[in-house]
file upload_2.txt (compact mmCIF, C-alpha atoms)
# COMPACT_ATOMS: atom_id res chain seq x y z
CA GLY Z 209 109.07 -18.59 81.26
CA ILE Z 210 106.63 -19.22 84.09
CA GLY Z 211 105.56 -22.84 84.54
CA MET Z 212 101.90 -23.58 85.16
CA ILE Z 213 100.41 -26.38 87.28
CA LEU Z 214 96.73 -27.24 86.84
CA LEU Z 215 95.21 -28.28 90.16
CA PRO Z 216 91.94 -30.19 90.60
CA ARG Z 217 89.18 -27.82 91.63
CA ARG Z 218 88.53 -29.54 94.97
CA LEU Z 219 92.23 -29.33 95.86
CA LEU Z 220 92.37 -25.69 94.80
CA TYR Z 221 89.39 -24.85 97.02
CA SER Z 222 91.09 -26.57 99.98
CA ILE Z 223 94.30 -24.59 99.46
CA LEU Z 224 92.40 -21.31 99.16
CA THR Z 225 90.56 -22.11 102.39
CA VAL Z 226 93.89 -22.58 104.20
CA LEU Z 227 95.16 -19.27 102.85
CA LEU Z 228 92.02 -17.35 103.77
CA LEU Z 229 91.93 -18.74 107.31
CA ASN Z 230 95.57 -18.01 108.01
CA THR Z 231 96.34 -14.72 106.25
CA SER Z 232 95.70 -12.50 109.28
CA ASN Z 233 97.42 -14.32 112.12
CA GLU Z 234 99.67 -17.08 110.77
CA SER Z 235 103.08 -16.80 109.19
CA SER Z 236 103.77 -17.74 105.58
CA THR Z 237 105.78 -20.72 106.86
CA ILE Z 238 102.74 -22.15 108.64
CA ASN Z 239 100.62 -21.48 105.55
CA ALA Z 240 103.07 -23.43 103.43
CA MET Z 241 103.05 -26.32 105.91
CA ASN Z 242 99.26 -26.40 105.97
CA ILE Z 243 99.07 -26.32 102.18
CA ASN Z 244 101.50 -29.26 101.94
CA THR Z 245 99.27 -31.17 104.36
CA VAL Z 246 96.20 -30.42 102.22
CA ILE Z 247 97.98 -31.59 99.07
CA LYS Z 248 99.00 -34.86 100.73
CA GLU Z 249 95.49 -35.46 102.07
CA ASN Z 250 93.97 -34.76 98.66
CA LYS Z 251 96.33 -37.08 96.81
CA MET Z 252 93.76 -39.70 95.91
CA PRO Z 253 94.58 -43.31 94.93
CA ARG Z 254 93.79 -44.60 91.48
CA ARG Z 255 90.25 -45.91 91.50
CA ILE Z 256 88.24 -48.41 89.41
CA LEU Z 257 84.44 -48.58 89.16
CA CYS Z 258 83.17 -52.17 88.86
CA LEU Z 259 79.82 -52.98 87.21
CA HIS Z 260 78.38 -56.47 87.78
CA GLY Z 261 76.47 -58.64 85.32
CA ARG Z 262 72.73 -59.25 85.16
CA MET Z 263 71.43 -61.50 87.97
CA GLN Z 264 74.40 -60.51 90.13
CA SER Z 265 75.12 -57.75 92.63
CA ALA Z 266 78.10 -55.69 93.72
CA SER Z 267 78.98 -58.20 96.46
CA ILE Z 268 78.57 -61.23 94.18
CA PHE Z 269 80.76 -59.69 91.47
CA SER Z 270 83.41 -58.78 94.05
CA THR Z 271 83.49 -62.41 95.22
CA LYS Z 272 83.46 -63.85 91.68
CA ILE Z 273 86.57 -61.89 90.65
CA SER Z 274 88.33 -62.21 94.01
CA GLY Z 275 91.50 -63.49 92.34
CA ALA Z 276 91.76 -60.52 90.00
CA ARG Z 277 90.48 -58.16 92.68
CA ARG Z 278 93.29 -58.99 95.08
CA LYS Z 279 95.89 -58.39 92.38
CA LEU Z 280 94.32 -55.11 91.24
CA GLU Z 281 93.95 -53.86 94.82
CA ARG Z 282 97.73 -53.73 95.09
CA SER Z 283 97.62 -50.64 92.88
CA TYR Z 284 93.97 -49.55 92.72
CA GLU Z 285 90.99 -48.88 94.93
CA LEU Z 286 88.01 -50.89 93.61
CA ASP Z 287 84.45 -49.62 94.03
CA PHE Z 288 81.64 -52.11 93.30
CA LEU Z 289 78.31 -50.50 92.39
CA ASP Z 290 74.88 -52.16 92.64
CA GLY Z 291 72.57 -51.99 89.61
CA PRO Z 292 69.32 -50.05 90.10
CA ILE Z 293 66.94 -52.87 89.11
CA ILE Z 294 66.02 -55.78 91.40
CA VAL Z 295 65.34 -58.84 89.27
CA ASP Z 296 65.10 -61.46 92.01
CA THR Z 297 65.01 -61.34 95.80
CA THR Z 298 66.35 -64.83 96.34
CA ASN Z 299 69.61 -66.57 95.65
CA LYS Z 300 70.13 -70.31 95.77
CA ASP Z 301 73.31 -69.88 97.79
CA ASP Z 302 72.23 -67.02 100.04
CA SER Z 303 68.61 -66.01 100.54
CA THR Z 304 69.68 -62.61 101.87
CA VAL Z 305 71.31 -61.61 98.56
CA VAL Z 306 69.29 -59.38 96.24
CA LEU Z 307 70.05 -60.01 92.57
CA ARG Z 308 70.16 -56.98 90.31
CA ALA Z 309 70.43 -55.74 86.74
CA TRP Z 310 71.20 -52.51 84.92
CA TRP Z 311 68.20 -52.78 82.59
CA ASN Z 312 65.51 -55.25 81.60
CA CYS Z 313 64.32 -56.97 78.46
CA ASP Z 314 60.91 -58.31 77.49
CA ASP Z 315 59.95 -61.77 76.23
CA ASN Z 316 61.02 -60.77 72.73
CA LYS Z 317 64.47 -59.81 74.07
CA LYS Z 318 63.79 -56.13 73.45
CA GLU Z 319 65.86 -54.11 75.90
CA PHE Z 320 64.46 -51.15 77.82
CA GLY Z 321 65.84 -48.93 80.56
CA ILE Z 322 69.36 -48.56 79.12
CA ASP Z 323 69.06 -44.76 79.05
CA ASP Z 324 68.14 -44.78 82.75
CA ALA Z 325 71.08 -47.08 83.53
CA ILE Z 326 73.55 -44.76 81.77
CA GLU Z 327 72.18 -41.74 83.65
CA TYR Z 328 72.25 -43.67 86.93
CA VAL Z 329 75.96 -44.50 86.62
CA GLN Z 330 76.83 -41.01 85.34
CA ASN Z 331 75.21 -39.53 88.44
CA GLU Z 332 77.01 -41.99 90.71
CA ILE Z 333 80.33 -41.03 89.11
CA LYS Z 334 79.62 -37.33 89.54
CA ASN Z 335 78.71 -37.84 93.22
CA ARG Z 336 81.79 -39.91 94.02
CA LYS Z 337 85.52 -39.38 93.70
CA PRO Z 338 86.89 -39.59 90.12
CA TYR Z 339 87.54 -43.00 88.56
CA ASP Z 340 90.52 -43.86 86.39
CA ALA Z 341 88.88 -46.95 84.87
CA ILE Z 342 85.66 -48.95 84.64
CA ILE Z 343 85.40 -52.75 84.75
CA GLY Z 344 82.20 -54.40 83.59
CA PHE Z 345 81.02 -57.99 83.28
CA SER Z 346 78.30 -59.20 80.87
CA GLN Z 347 75.48 -56.60 80.93
CA GLY Z 348 77.68 -54.39 83.10
CA GLY Z 349 80.36 -54.67 80.41
CA THR Z 350 77.95 -53.46 77.73
CA LEU Z 351 77.09 -50.53 80.00
CA ALA Z 352 80.78 -49.78 80.57
CA ALA Z 353 81.40 -49.80 76.80
CA ALA Z 354 78.48 -47.40 76.29
CA LEU Z 355 79.86 -45.06 78.96
CA SER Z 356 83.28 -45.14 77.29
CA THR Z 357 81.89 -43.42 74.20
CA LEU Z 358 80.51 -40.53 76.28
CA ASN Z 359 83.87 -39.34 77.62
CA VAL Z 360 82.84 -39.87 81.24
CA SER Z 361 84.89 -37.76 83.64
CA ASN Z 362 88.52 -38.82 84.12
CA VAL Z 363 88.04 -42.43 82.90
CA ARG Z 364 91.07 -43.53 80.90
CA ALA Z 365 90.39 -47.25 80.45
CA VAL Z 366 87.40 -49.59 80.19
CA ILE Z 367 87.69 -53.37 80.59
CA THR Z 368 84.82 -55.73 79.83
CA ALA Z 369 84.33 -59.51 79.92
CA GLY Z 370 81.54 -61.53 78.34
CA ALA Z 371 79.83 -58.33 77.23
CA PRO Z 372 77.21 -58.66 74.45
CA TYR Z 373 76.65 -56.13 71.69
CA SER Z 374 73.45 -54.10 72.11
CA GLU Z 375 71.84 -52.30 69.18
CA GLU Z 376 69.62 -50.38 71.59
CA ALA Z 377 72.60 -49.16 73.64
CA LEU Z 378 74.34 -48.02 70.46
CA ARG Z 379 71.22 -46.12 69.38
CA ILE Z 380 70.92 -44.39 72.76
CA ILE Z 381 74.51 -43.21 72.96
CA SER Z 382 74.35 -42.05 69.33
CA ASN Z 383 71.29 -39.95 70.22
CA LYS Z 384 73.08 -38.55 73.28
CA LYS Z 385 75.97 -37.44 71.11
CA ASP Z 386 73.66 -35.94 68.49
CA ASN Z 387 71.80 -33.98 71.18
CA ASN Z 388 75.05 -32.51 72.48
CA ASN Z 389 76.43 -29.71 70.33
CA ASP Z 390 80.05 -30.77 70.30
CA GLY Z 391 79.60 -34.48 71.08
CA ASN Z 392 81.49 -34.11 74.34
CA MET Z 393 79.76 -35.73 77.31
CA ASP Z 394 82.61 -34.98 79.72
CA PHE Z 395 81.22 -34.38 83.22
CA SER Z 396 84.58 -33.51 84.79
CA ASP Z 397 84.85 -30.66 87.27
CA ASP Z 398 88.62 -30.72 87.11
CA THR Z 399 89.56 -30.39 83.44
CA ASN Z 400 88.24 -29.18 80.13
CA SER Z 401 90.16 -31.77 78.14
CA ILE Z 402 88.42 -34.71 76.47
CA ILE Z 403 89.76 -38.12 77.46
CA ILE Z 404 89.21 -40.97 75.00
CA PRO Z 405 89.51 -44.18 77.02
CA LYS Z 406 91.24 -47.32 75.83
CA LEU Z 407 88.99 -50.38 75.76
CA LEU Z 408 89.92 -54.00 76.41
CA HIS Z 409 87.28 -56.70 75.82
CA PHE Z 410 87.62 -60.30 77.00
CA ALA Z 411 85.57 -63.04 75.30
CA GLY Z 412 85.47 -66.74 76.17
CA GLU Z 413 85.88 -69.53 73.63
CA ASN Z 414 83.43 -71.63 75.64
CA ASP Z 415 81.00 -68.87 76.56
CA LYS Z 416 77.53 -70.35 75.98
CA MET Z 417 75.70 -67.13 76.89
CA VAL Z 418 77.54 -64.47 74.86
CA PRO Z 419 79.17 -65.60 71.59
CA ILE Z 420 82.59 -64.21 70.72
CA GLU Z 421 81.12 -62.53 67.64
CA SER Z 422 78.74 -60.52 69.81
CA THR Z 423 81.61 -59.17 71.89
CA ARG Z 424 83.62 -58.59 68.70
CA GLU Z 425 80.78 -56.44 67.35
CA LEU Z 426 80.73 -54.52 70.64
CA CYS Z 427 84.47 -53.97 70.29
CA ASN Z 428 84.11 -52.75 66.69
CA LYS Z 429 81.16 -50.40 67.23
CA PHE Z 430 81.80 -48.94 70.70
CA GLY Z 431 84.74 -46.85 71.80
CA ASN Z 432 85.89 -44.70 68.86
CA ASP Z 433 88.00 -47.48 67.28
CA ASN Z 434 90.06 -47.58 70.45
CA GLY Z 435 89.29 -51.15 71.55
CA SER Z 436 91.11 -54.48 71.64
CA LEU Z 437 89.65 -57.99 71.85
CA VAL Z 438 91.33 -60.77 73.86
CA ILE Z 439 89.93 -64.31 73.62
CA HIS Z 440 90.44 -66.68 76.54
CA GLU Z 441 89.75 -70.41 76.79
CA LYS Z 442 87.07 -70.22 79.51
CA GLY Z 443 83.32 -69.61 79.47
CA HIS Z 444 81.06 -66.77 80.64
CA LEU Z 445 83.23 -65.25 83.35
CA PHE Z 446 85.60 -62.44 84.17
CA PRO Z 447 89.14 -63.85 83.71
CA THR Z 448 91.21 -63.81 86.89
CA ARG Z 449 94.44 -65.51 85.81
CA SER Z 450 97.61 -63.50 86.43
CA ALA Z 451 98.34 -63.19 82.70
CA HIS Z 452 94.93 -61.64 82.05
CA VAL Z 453 95.16 -59.29 85.02
CA THR Z 454 98.59 -58.17 83.78
CA THR Z 455 97.00 -57.44 80.38
CA MET Z 456 94.46 -55.22 82.15
call {"tool": "encode", "arguments": {"input": "upload_2.txt", "output": "structure tokens"}}
result
Amino acid sequence: GIGMILLPRRLLYSILTVLLLNTSNESSTINAMNINTVIKENKMPRRILCLHGRMQSASIFSTKISGARRKLERSYELDFLDGPIIVDTTNKDDSTVVLRAWWNCDDNKKEFGIDDAIEYVQNEIKNRKPYDAIIGFSQGGTLAAALSTLNVSNVRAVITAGAPYSEEALRIISNKKDNNNDGNMDFSDDTNSIIIPKLLHFAGENDKMVPIESTRELCNKFGNDNGSLVIHEKGHLFPTRSAHVTTM
């Protein structure tokens, strides 16, 4: 039988461009060489999208997880995204740092803007190269868990730390699924298959901000029963010990 290879659309377009430019004057040998060059250039590294916590920023989160980041960067390209909401323009350590969030909450702890945050990250993912995984801390972890249920393009794994359960986020993603005929929110340009990501949630025994039970509820209610919970001995942080990074 004839074997079939499915190529990403962007790579296919590049190969077709080489063929069209060279069909009249170049030999088939040169075409083959050019195509091999295109394939090598389009071989993209595995990439991880990183979502910071509330009252952080992309640069702060990158620094906070520097231990884990250095280990992960041996195999992955990490991309740290800034949240769309500015919550404070000053930082006690660096007055030039702008602190951000993914959504806000009022004095009664009612959350608002989650829908906008989901759309914001979805658009960023569509406008960038594909990601193989998403890492999220605290509020960014809740956002990552919400995205995992929407079959975001190409994402195969979601890792959160200190992420609280959000009833409002669950309601919003449930509505998004109900409003989509087949429940598939896959935005991929390269495949028609649905990828159900694996989820790994870290929770700290001494986390004073997000109780373990809140993260456990997040694990149980987000991610199509495809999540695991790992409890570490620290507080409200993203674990950076080698054993935890290996688990990731």
call {"tool": "residues_around", "arguments": {"input": "upload_2.txt", "residues": "stretch 437-443 of chain Z", "least_positions_apart": "6", "cutoff": "10 Å", "atoms": "all atoms listed in the file", "output": "VMD selection string"}}
result
chain Z and resid 368 to 370 407 to 420 423 to 424 426 to 428 452 455
call {"tool": "atom_distance", "arguments": {"input": "upload_2.txt", "atom1": "atom CA of Z:Trp311", "atom2": "atom CA of Z:Lys406"}}
result
24.6 Å
call {"tool": "atom_distance", "arguments": {"input": "upload_2.txt", "atom1": "atom CA of Z:Tyr328", "atom2": "atom CA of Z:Ala352"}}
result
12.3 Å
call {"tool": "residues_around", "arguments": {"input": "upload_2.txt", "residues": "Z:Glu319", "least_positions_apart": "2", "cutoff": "12 Å", "atoms": "all atoms listed in the file", "output": "PDB file with C-alpha atoms, keeping the file's coordinate frame"}}
result
ATOM      1  CA  ALA Z 309      70.430 -55.740  86.740  1.00  0.00           C
ATOM      2  CA  TRP Z 310      71.200 -52.510  84.920  1.00  0.00           C
ATOM      3  CA  TRP Z 311      68.200 -52.780  82.590  1.00  0.00           C
ATOM      4  CA  ASN Z 312      65.510 -55.250  81.600  1.00  0.00           C
ATOM      5  CA  CYS Z 313      64.320 -56.970  78.460  1.00  0.00           C
ATOM      6  CA  ASP Z 314      60.910 -58.310  77.490  1.00  0.00           C
ATOM      7  CA  ASP Z 315      59.950 -61.770  76.230  1.00  0.00           C
ATOM      8  CA  ASN Z 316      61.020 -60.770  72.730  1.00  0.00           C
ATOM      9  CA  LYS Z 317      64.470 -59.810  74.070  1.00  0.00           C
ATOM     10  CA  GLY Z 321      65.840 -48.930  80.560  1.00  0.00           C
ATOM     11  CA  ILE Z 322      69.360 -48.560  79.120  1.00  0.00           C
ATOM     12  CA  ASP Z 323      69.060 -44.760  79.050  1.00  0.00           C
ATOM     13  CA  ASP Z 324      68.140 -44.780  82.750  1.00  0.00           C
ATOM     14  CA  ALA Z 325      71.080 -47.080  83.530  1.00  0.00           C
ATOM     15  CA  GLN Z 347      75.480 -56.600  80.930  1.00  0.00           C
ATOM     16  CA  TYR Z 373      76.650 -56.130  71.690  1.00  0.00           C
ATOM     17  CA  SER Z 374      73.450 -54.100  72.110  1.00  0.00           C
ATOM     18  CA  GLU Z 375      71.840 -52.300  69.180  1.00  0.00           C
ATOM     19  CA  GLU Z 376      69.620 -50.380  71.590  1.00  0.00           C
ATOM     20  CA  ALA Z 377      72.600 -49.160  73.640  1.00  0.00           C
ATOM     21  CA  LEU Z 378      74.340 -48.020  70.460  1.00  0.00           C
ATOM     22  CA  ARG Z 379      71.220 -46.120  69.380  1.00  0.00           C
ATOM     23  CA  ILE Z 380      70.920 -44.390  72.760  1.00  0.00           C
TER      24      ILE Z 380
END
call {"tool": "atom_distance", "arguments": {"input": "upload_2.txt", "atom1": "atom CA of Z:Arg308", "atom2": "atom CA of Z:Ala354"}}
result
18.9 Å
call {"tool": "residues_around", "arguments": {"input": "upload_2.txt", "residues": "Z:Arg277", "least_positions_apart": "3", "cutoff": "12 Å", "atoms": "all atoms listed in the file", "output": "PyMOL selection string"}}
result
chain Z and resi 256-258+269-274+280-288+343+446-450+453+456
call {"tool": "closest_residue", "arguments": {"input": "upload_2.txt", "among": "Z:Lys384, Z:Arg364, Z:Lys279, Z:Lys429", "to": "Z:Glu327", "atoms": "all atoms listed in the file"}}
result
Z:Lys384
call {"tool": "closest_residue", "arguments": {"input": "upload_2.txt", "among": "Z:Glu421, Z:Val360, Z:Arg254, Z:Val329", "to": "Z:Ile404", "atoms": "all atoms listed in the file"}}
result
Z:Val360
